[in-house]
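Asker: One file: final_21.cif (mmCIF, C-alpha atoms).
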```cif
data_target
#
loop_
_atom_site.label_atom_id
_atom_site.label_comp_id
_atom_site.auth_asym_id
_atom_site.auth_seq_id
_atom_site.Cartn_x
_atom_site.Cartn_y
_atom_site.Cartn_z
CA MET A 1 -9.00 -17.54 -65.79
CA MET A 2 -6.05 -17.14 -68.23
CA LYS A 3 -2.65 -17.05 -66.52
CA CYS A 4 0.16 -15.11 -68.19
CA VAL A 5 3.71 -16.17 -67.44
CA LEU A 6 6.40 -13.65 -68.34
CA THR A 7 9.75 -15.42 -68.61
CA ILE A 8 13.09 -13.95 -67.58
CA ALA A 9 14.17 -14.19 -71.21
CA ALA A 10 11.19 -12.10 -72.30
CA LEU A 11 11.94 -9.52 -69.64
CA LEU A 12 15.57 -9.28 -70.72
CA ALA A 13 14.49 -8.92 -74.34
CA GLY A 14 12.13 -6.10 -73.41
CA THR A 15 9.16 -7.94 -74.93
CA VAL A 16 5.76 -6.27 -74.50
CA PHE A 17 2.60 -8.39 -74.40
CA ASN A 18 -0.71 -6.90 -75.54
CA LEU A 19 -3.75 -8.76 -74.26
CA SER A 20 -6.98 -8.47 -76.14
CA ALA A 21 -10.15 -7.62 -74.26
CA GLU A 22 -11.40 -11.16 -74.87
CA SER A 23 -8.43 -12.67 -72.98
CA VAL A 24 -8.95 -10.64 -69.78
CA GLN A 25 -11.48 -11.99 -67.33
CA VAL A 26 -12.77 -9.58 -64.69
CA SER A 27 -14.53 -10.96 -61.63
CA GLU A 28 -18.07 -9.80 -61.08
CA ASN A 29 -18.82 -7.19 -58.46
CA LYS A 30 -20.07 -8.69 -55.21
CA ARG A 31 -22.15 -7.34 -52.36
CA GLU A 32 -21.50 -8.86 -48.94
CA SER A 33 -22.60 -8.36 -45.36
CA MET A 34 -20.94 -9.32 -42.08
CA ASN A 35 -22.13 -9.92 -38.55
CA VAL A 36 -19.56 -8.61 -36.07
CA THR A 37 -19.58 -9.12 -32.32
CA VAL A 38 -17.76 -6.35 -30.48
CA THR A 39 -15.23 -8.03 -28.17
CA ASP A 40 -12.15 -5.82 -28.47
CA GLY A 41 -11.66 -2.22 -27.46
CA GLN A 42 -9.44 0.48 -28.89
CA ILE A 43 -5.79 0.95 -28.02
CA ASP A 44 -4.06 4.29 -28.47
CA VAL A 45 -0.33 4.51 -29.21
CA ILE A 46 1.60 7.45 -27.83
CA SER A 47 5.22 7.49 -29.01
CA GLY A 48 8.18 9.74 -28.42
CA VAL A 49 7.26 10.46 -24.80
CA VAL A 50 10.23 11.96 -22.92
CA TYR A 51 9.98 10.57 -19.40
CA SER A 52 13.36 11.77 -18.14
CA GLN A 53 16.07 14.24 -19.10
CA VAL A 54 19.57 13.40 -17.94
CA LEU A 55 21.54 16.61 -17.56
CA SER A 56 25.30 16.92 -17.29
CA THR A 57 27.63 19.89 -17.53
CA ARG A 58 27.99 19.38 -21.28
CA SER A 59 24.87 17.56 -22.49
CA ASN A 60 21.21 16.78 -22.05
CA ARG A 61 19.96 13.31 -22.93
CA ALA A 62 16.24 12.69 -23.33
CA LEU A 63 15.02 9.19 -22.42
CA ARG A 64 11.89 8.08 -24.21
CA MET A 65 9.04 5.63 -23.88
CA THR A 66 6.21 4.42 -26.11
CA LEU A 67 2.80 3.94 -24.52
CA LEU A 68 -0.05 1.61 -25.39
CA VAL A 69 -3.19 2.94 -23.69
CA PRO A 70 -6.49 1.02 -23.79
CA ARG A 71 -9.37 3.43 -24.32
CA THR A 72 -11.47 2.44 -21.31
CA ARG A 73 -13.35 4.42 -18.69
CA THR A 74 -11.84 3.24 -15.41
CA PRO A 75 -8.25 3.55 -14.09
CA LYS A 76 -6.09 0.71 -15.34
CA PRO A 77 -3.01 -1.09 -13.99
CA ALA A 78 0.21 -0.22 -15.80
CA ILE A 79 3.25 -2.24 -16.86
CA VAL A 80 6.70 -0.88 -17.74
CA TYR A 81 8.65 -2.98 -20.24
CA PHE A 82 12.47 -2.82 -20.19
CA PRO A 83 14.16 -4.36 -23.27
CA GLY A 84 17.18 -6.60 -23.24
CA GLY A 85 20.38 -5.74 -25.06
CA GLY A 86 23.36 -7.05 -23.15
CA PHE A 87 23.74 -3.76 -21.23
CA THR A 88 24.83 -2.12 -24.51
CA SER A 89 21.49 -1.25 -26.15
CA ALA A 90 17.91 -0.55 -25.12
CA ASP A 91 15.73 -0.93 -28.20
CA TYR A 92 12.54 -0.33 -26.31
CA GLU A 93 9.98 -0.71 -29.10
CA LYS A 94 10.56 -4.44 -29.59
CA PHE A 95 8.57 -7.39 -28.13
CA ILE A 96 5.36 -5.86 -29.51
CA GLU A 97 3.67 -9.27 -29.26
CA MET A 98 3.90 -9.25 -25.46
CA ARG A 99 3.19 -5.54 -25.11
CA MET A 100 0.10 -5.63 -27.32
CA ALA A 101 -1.25 -8.71 -25.53
CA LEU A 102 -0.97 -6.86 -22.22
CA ALA A 103 -2.65 -3.79 -23.70
CA LYS A 104 -5.50 -5.88 -25.10
CA ALA A 105 -5.94 -7.36 -21.62
CA GLY A 106 -6.51 -3.86 -20.25
CA PHE A 107 -3.05 -2.71 -19.10
CA VAL A 108 -1.39 0.58 -19.92
CA VAL A 109 1.99 -0.55 -21.28
CA ALA A 110 5.03 1.72 -21.31
CA ALA A 111 8.11 0.51 -23.18
CA ALA A 112 11.05 2.49 -21.81
CA GLU A 113 14.63 2.98 -22.95
CA TYR A 114 17.37 3.35 -20.37
CA ARG A 115 21.06 4.20 -20.23
CA THR A 116 23.52 1.45 -21.12
CA VAL A 117 27.30 0.97 -21.27
CA PRO A 118 29.39 3.15 -21.32
CA ASP A 119 27.11 4.69 -18.68
CA LYS A 120 27.78 2.98 -15.37
CA TYR A 121 25.61 1.49 -12.66
CA PRO A 122 23.37 2.76 -11.12
CA ALA A 123 22.34 4.87 -14.15
CA LEU A 124 19.96 2.26 -15.61
CA VAL A 125 18.30 1.64 -12.23
CA VAL A 126 17.82 5.38 -11.77
CA ASP A 127 16.15 5.42 -15.21
CA GLY A 128 13.90 2.46 -14.43
CA LYS A 129 12.67 4.11 -11.24
CA ALA A 130 12.17 7.40 -13.10
CA ALA A 131 9.90 5.66 -15.63
CA VAL A 132 7.68 4.38 -12.82
CA ARG A 133 7.49 7.83 -11.21
CA TYR A 134 6.59 9.39 -14.56
CA LEU A 135 3.58 7.08 -14.94
CA ARG A 136 2.35 7.93 -11.46
CA ALA A 137 2.80 11.65 -12.10
CA HIS A 138 0.72 11.41 -15.29
CA ALA A 139 -1.79 8.86 -14.06
CA SER A 140 -4.80 11.13 -14.59
CA GLN A 141 -3.93 11.78 -18.25
CA LEU A 142 -3.16 8.13 -18.99
CA GLY A 143 -5.93 6.53 -16.92
CA ILE A 144 -3.57 4.66 -14.61
CA ASP A 145 -4.37 3.14 -11.23
CA THR A 146 -1.27 4.19 -9.29
CA SER A 147 -1.71 1.37 -6.77
CA ARG A 148 -1.11 -1.23 -9.49
CA ILE A 149 2.12 -0.73 -11.43
CA GLY A 150 4.35 -3.60 -12.51
CA VAL A 151 7.53 -4.11 -14.50
CA ILE A 152 8.69 -6.68 -17.03
CA GLY A 153 11.96 -7.19 -18.86
CA ASP A 154 13.96 -9.76 -20.79
CA SER A 155 17.70 -10.51 -20.37
CA ALA A 156 19.40 -7.24 -19.31
CA GLY A 157 15.89 -5.79 -19.17
CA GLY A 158 15.02 -8.66 -16.84
CA TYR A 159 17.91 -7.56 -14.64
CA LEU A 160 16.44 -4.04 -14.59
CA SER A 161 12.96 -5.34 -13.82
CA GLN A 162 14.44 -7.30 -10.91
CA MET A 163 16.39 -4.28 -9.68
CA VAL A 164 13.34 -2.01 -9.77
CA GLY A 165 11.33 -4.64 -7.88
CA THR A 166 13.93 -5.53 -5.25
CA THR A 167 14.81 -1.89 -4.51
CA ASN A 168 11.31 -0.95 -3.40
CA GLY A 169 11.73 1.56 -0.59
CA GLU A 170 15.40 2.29 -1.34
CA LYS A 171 15.44 6.04 -1.96
CA GLU A 172 19.06 6.32 -3.18
CA PHE A 173 17.94 5.47 -6.73
CA ASP A 174 15.25 8.17 -6.83
CA GLN A 175 16.92 10.95 -8.76
CA GLY A 176 15.59 13.47 -11.26
CA ASP A 177 11.98 14.57 -11.72
CA TYR A 178 8.72 13.75 -9.94
CA LEU A 179 10.41 12.90 -6.66
CA ASP A 180 7.07 13.43 -4.92
CA GLN A 181 5.94 10.18 -6.58
CA SER A 182 6.81 6.66 -5.40
CA SER A 183 8.99 4.45 -7.60
CA ASP A 184 7.83 1.27 -5.84
CA VAL A 185 6.15 -1.39 -7.97
CA GLN A 186 3.56 -4.00 -7.07
CA ALA A 187 4.66 -6.82 -9.40
CA ALA A 188 7.73 -7.84 -11.39
CA VAL A 189 8.30 -10.27 -14.27
CA THR A 190 11.80 -11.29 -15.36
CA ILE A 191 12.39 -13.32 -18.52
CA TYR A 192 15.83 -15.03 -18.69
CA GLY A 193 17.09 -12.14 -16.58
CA ILE A 194 20.26 -11.62 -14.56
CA SER A 195 20.06 -11.79 -10.76
CA SER A 196 23.79 -11.75 -9.96
CA LEU A 197 26.50 -10.10 -12.06
CA LEU A 198 29.04 -12.44 -10.45
CA ASN A 199 27.97 -15.71 -12.12
CA ILE A 200 26.10 -15.04 -15.38
CA GLY A 201 27.86 -17.99 -17.05
CA GLU A 202 27.72 -20.46 -14.17
CA GLY A 203 27.59 -24.06 -15.36
CA TYR A 204 28.97 -23.23 -18.82
CA SER A 205 32.38 -24.09 -20.30
CA GLU A 206 35.72 -22.83 -18.99
CA GLN A 207 35.98 -20.61 -22.07
CA ILE A 208 32.69 -18.91 -21.17
CA GLN A 209 33.85 -18.52 -17.57
CA GLN A 210 36.94 -16.70 -18.84
CA VAL A 211 34.78 -14.35 -20.91
CA HIS A 212 32.79 -13.37 -17.82
CA ALA A 213 36.00 -12.86 -15.86
CA SER A 214 37.31 -10.42 -18.47
CA PRO A 215 37.45 -6.69 -17.68
CA ALA A 216 35.99 -6.13 -21.17
CA VAL A 217 32.75 -8.10 -20.64
CA THR A 218 29.67 -5.90 -20.43
CA GLU A 219 28.81 -6.54 -16.78
CA ALA A 220 32.35 -5.45 -15.84
CA LEU A 221 31.99 -2.31 -17.93
CA LEU A 222 28.61 -1.62 -16.35
CA VAL A 223 30.00 -1.69 -12.81
CA ASN A 224 33.66 -0.69 -13.22
CA GLY A 225 33.77 1.22 -16.49
CA PRO A 226 36.26 0.83 -19.38
CA ALA A 227 40.03 1.06 -19.16
CA PHE A 228 41.05 4.68 -19.46
CA ALA A 229 44.04 6.86 -18.51
CA ASP A 230 45.62 5.21 -15.47
CA PHE A 231 42.74 2.74 -14.95
CA SER A 232 43.46 -0.59 -16.66
CA GLY A 233 39.95 -1.94 -16.25
CA ALA A 234 38.69 -4.47 -13.72
CA SER A 235 36.91 -7.81 -13.78
CA ILE A 236 33.47 -8.06 -12.24
CA LEU A 237 35.12 -10.59 -9.90
CA SER A 238 37.63 -8.04 -8.60
CA ASP A 239 35.23 -6.69 -5.98
CA SER A 240 32.48 -9.18 -5.15
CA ALA A 241 30.82 -6.88 -2.62
CA LYS A 242 30.55 -4.09 -5.19
CA ALA A 243 29.19 -6.50 -7.81
CA LEU A 244 26.62 -7.95 -5.41
CA ALA A 245 25.45 -4.45 -4.46
CA ALA A 246 24.82 -3.85 -8.18
CA SER A 247 22.83 -7.11 -8.46
CA PRO A 248 19.21 -7.90 -7.59
CA LEU A 249 20.38 -10.60 -5.17
CA GLY A 250 22.08 -7.88 -3.14
CA HIS A 251 18.71 -6.22 -2.50
CA VAL A 252 16.38 -9.15 -1.80
CA LYS A 253 14.64 -8.79 1.54
CA GLU A 254 11.22 -9.38 3.07
CA HIS A 255 8.06 -7.76 1.68
CA MET A 256 9.12 -7.81 -1.96
CA PRO A 257 6.44 -7.50 -4.66
CA PRO A 258 5.28 -10.78 -6.27
CA PHE A 259 7.73 -12.08 -8.89
CA LEU A 260 7.20 -14.22 -11.98
CA ILE A 261 10.54 -15.67 -13.06
CA MET A 262 10.88 -17.39 -16.46
CA HIS A 263 13.91 -19.02 -18.07
CA GLY A 264 14.58 -21.39 -20.95
CA SER A 265 16.07 -24.80 -20.24
CA ASN A 266 18.29 -24.44 -23.33
CA ASP A 267 19.61 -20.92 -22.65
CA ARG A 268 23.27 -20.75 -23.73
CA LEU A 269 23.84 -17.05 -23.01
CA VAL A 270 22.50 -16.40 -19.51
CA SER A 271 22.65 -19.40 -17.20
CA PRO A 272 19.32 -20.67 -15.80
CA VAL A 273 21.14 -20.56 -12.45
CA GLN A 274 20.40 -16.83 -12.54
CA SER A 275 16.67 -17.45 -12.25
CA GLU A 276 17.00 -20.39 -9.86
CA GLN A 277 19.02 -18.39 -7.34
CA LEU A 278 16.62 -15.45 -7.51
CA PHE A 279 13.67 -17.76 -6.86
CA GLU A 280 15.42 -19.35 -3.90
CA ALA A 281 16.48 -16.02 -2.40
CA LEU A 282 12.96 -14.57 -2.67
CA THR A 283 11.18 -17.58 -1.23
CA GLU A 284 13.70 -17.93 1.62
CA LYS A 285 12.62 -14.45 2.73
CA GLY A 286 8.95 -15.43 2.57
CA ASN A 287 8.17 -13.58 -0.66
CA ASP A 288 5.66 -14.61 -3.34
CA ALA A 289 7.60 -15.98 -6.32
CA THR A 290 6.74 -18.26 -9.23
CA TYR A 291 9.47 -19.88 -11.32
CA VAL A 292 8.59 -21.24 -14.77
CA THR A 293 11.07 -23.20 -16.88
CA VAL A 294 10.25 -23.14 -20.60
CA GLU A 295 11.48 -26.48 -21.86
CA GLY A 296 13.74 -26.29 -24.91
CA ALA A 297 13.74 -22.50 -25.05
CA GLY A 298 16.97 -20.62 -25.64
CA HIS A 299 17.83 -16.97 -25.13
CA GLY A 300 15.45 -14.65 -26.97
CA ASP A 301 14.43 -17.28 -29.52
CA LEU A 302 10.97 -17.90 -30.97
CA TYR A 303 9.75 -19.84 -27.95
CA TRP A 304 9.27 -16.52 -26.16
CA PHE A 305 6.90 -15.19 -28.83
CA GLN A 306 4.45 -18.09 -28.63
CA GLN A 307 0.95 -17.74 -27.19
CA PRO A 308 1.40 -20.07 -24.18
CA VAL A 309 4.30 -17.96 -22.91
CA ILE A 310 2.54 -14.66 -23.57
CA GLU A 311 -0.69 -15.91 -22.01
CA LYS A 312 1.21 -17.07 -18.92
CA VAL A 313 2.61 -13.57 -18.37
CA VAL A 314 -0.70 -11.81 -19.07
CA GLY A 315 -2.63 -14.20 -16.85
CA TRP A 316 -0.12 -13.80 -14.02
CA PHE A 317 -0.40 -10.01 -14.08
CA GLN A 318 -4.20 -10.27 -14.19
CA THR A 319 -4.19 -12.53 -11.13
CA VAL A 320 -1.77 -10.36 -9.16
CA PHE A 321 -3.67 -7.17 -9.96
CA HIS A 322 -7.13 -8.76 -9.60
CA CYS A 323 -8.09 -7.63 -13.08
CA HIS A 324 -11.37 -8.08 -14.88
CA LYS A 325 -12.14 -6.99 -18.42
CA GLU A 326 -14.15 -3.81 -18.61
CA LYS A 327 -17.41 -4.05 -20.48
#
```
Re-express the file's structure as structure tokens.
Answerer:
Amino acid sequence: MMKCVLTIAALLAGTVFNLSAESVQVSENKRESMNVTVTDGQIDVISGVVYSQVLSTRSNRALRMTLLVPRTRTPKPAIVYFPGGGFTSADYEKFIEMRMALAKAGFVVAAAEYRTVPDKYPALVVDGKAAVRYLRAHASQLGIDTSRIGVIGDSAGGYLSQMVGTTNGEKEFDQGDYLDQSSDVQAAVTIYGISSLLNIGEGYSEQIQQVHASPAVTEALLVNGPAFADFSGASILSDSAKALAASPLGHVKEHMPPFLIMHGSNDRLVSPVQSEQLFEALTEKGNDATYVTVEGAGHGDLYWFQQPVIEKVVGWFQTVFHCHKEK
């Protein structure tokens, strides 16, 4: 088949090429047939769902989620995904690779935004619990099995997943709508998440340690707020009891839901110590916890989008929730 190459010089000169009918070759029409085996079901996407409205004296903020709902006949387990963002953003429609894999495996998947800095703790935990209650309240419409709801998050979202899991039974965070519904979850996955706000940079350089001791670092803003008026700001280290109470480690006890904890060996933003200390605290209390180190992986890099990692998470949820694929 003739190939025509139009040079930059010809383009600049405004040259027009006229091809004769003889120089144009058109492929012949073809008729084909395919044999297709039906192995995958349909997944519906429901976006723009307002799961909570945060009212104040001067404003109303709507918090949204996007749902992936497998079109199957029986009630399905559900997973809430909380995105990372350094406590300053909650771009909840990312990590579609993980969310879609979970949906294809038969889970209803809700990706939820939550309040971030300058909103202070416990706002984001209140939001995380509200998302769980919303799913239970709308279980009949969404085809959810309310006895099987889990959470997953990465980085700051991993912190929120941990907080939602470790605060099972703690009613102080249940605020807002659907208070007749439980916010307890039956499984939690944390991916390079934060278990203690006191030592996010443990094991890193002195310069990094100074950053995390600053009153301007995001974990300090989350707990103490920004400098304003007569408040000059405060380091997260200024009140260790307050910081621990705002950390998952401050809520670990017996009878926690099963946890899958994952961290990269090459993480240079959130210390792997965060995941190690969560694993140790959970298992010391007799809880079911699995800790997976992903060799060579950094923080939010491409390692986390590869099939072995995604399959590990999906398979773990399937095992915990005793799932089988509906025919």
Asker: For the provided coordinates, the residues matched by the PyMOL selection byres ((chain A and resi 300-302) around 12) should be stated as a ChimeraX atom specification.
Answerer: /A:83-86,94-95,97,153-158,191-193,262-264,266-270,294,296-299,303-310
Asker: Could you state which residues are captured by the PyMOL selection byres ((chain A and resi 278) around 9) in this file, as a PDB file with C-alpha atoms, keeping the file's coordinate frame?
Answerer:
```
ATOM      1  CA  ILE A 194      20.260 -11.620 -14.560  1.00  0.00           C
ATOM      2  CA  SER A 195      20.060 -11.790 -10.760  1.00  0.00           C
ATOM      3  CA  SER A 196      23.790 -11.750  -9.960  1.00  0.00           C
ATOM      4  CA  PRO A 248      19.210  -7.900  -7.590  1.00  0.00           C
ATOM      5  CA  LEU A 249      20.380 -10.600  -5.170  1.00  0.00           C
ATOM      6  CA  VAL A 252      16.380  -9.150  -1.800  1.00  0.00           C
ATOM      7  CA  ILE A 261      10.540 -15.670 -13.060  1.00  0.00           C
ATOM      8  CA  VAL A 273      21.140 -20.560 -12.450  1.00  0.00           C
ATOM      9  CA  GLN A 274      20.400 -16.830 -12.540  1.00  0.00           C
ATOM     10  CA  SER A 275      16.670 -17.450 -12.250  1.00  0.00           C
ATOM     11  CA  GLU A 276      17.000 -20.390  -9.860  1.00  0.00           C
ATOM     12  CA  GLN A 277      19.020 -18.390  -7.340  1.00  0.00           C
ATOM     13  CA  PHE A 279      13.670 -17.760  -6.860  1.00  0.00           C
ATOM     14  CA  GLU A 280      15.420 -19.350  -3.900  1.00  0.00           C
ATOM     15  CA  ALA A 281      16.480 -16.020  -2.400  1.00  0.00           C
ATOM     16  CA  LEU A 282      12.960 -14.570  -2.670  1.00  0.00           C
ATOM     17  CA  THR A 283      11.180 -17.580  -1.230  1.00  0.00           C
TER      18      THR A 283
END
```
Asker: Between A:Gln186, A:Gln175, A:Thr218, A:Ser265, which is the closest to Asp127 of chain A once you count all atoms listed in the file?
Answerer: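 That would be A:Gln175, the residue with the smallest distance to Asp127 of chain A.
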Asker: Skipping near chain neighbours, those fewer than 4 positions away, what residues fall within 6 Å of segment 198-213 of chain A using only C-alpha atoms, listed as a PyMOL selection string?
Answerer: chain A and resi 217+235+270-271
Asker: Considering all atoms listed in the file, can you say which of A:Thr116, A:Gln162, A:Ser247, A:Gln53 comes closest to Phe87 of chain A?
Answerer: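 Looking only at the distances to Phe87 of chain A, the closest residue turns out to be A:Thr116.
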Asker: One decimal, Å: what's the distance from atom CA of Cys323 of chain A over to atom CA of Glu254 of chain A, could you say?
Answerer: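 Interatomic distance, atom CA of Cys323 of chain A to atom CA of Glu254 of chain A: 25.2 Å.
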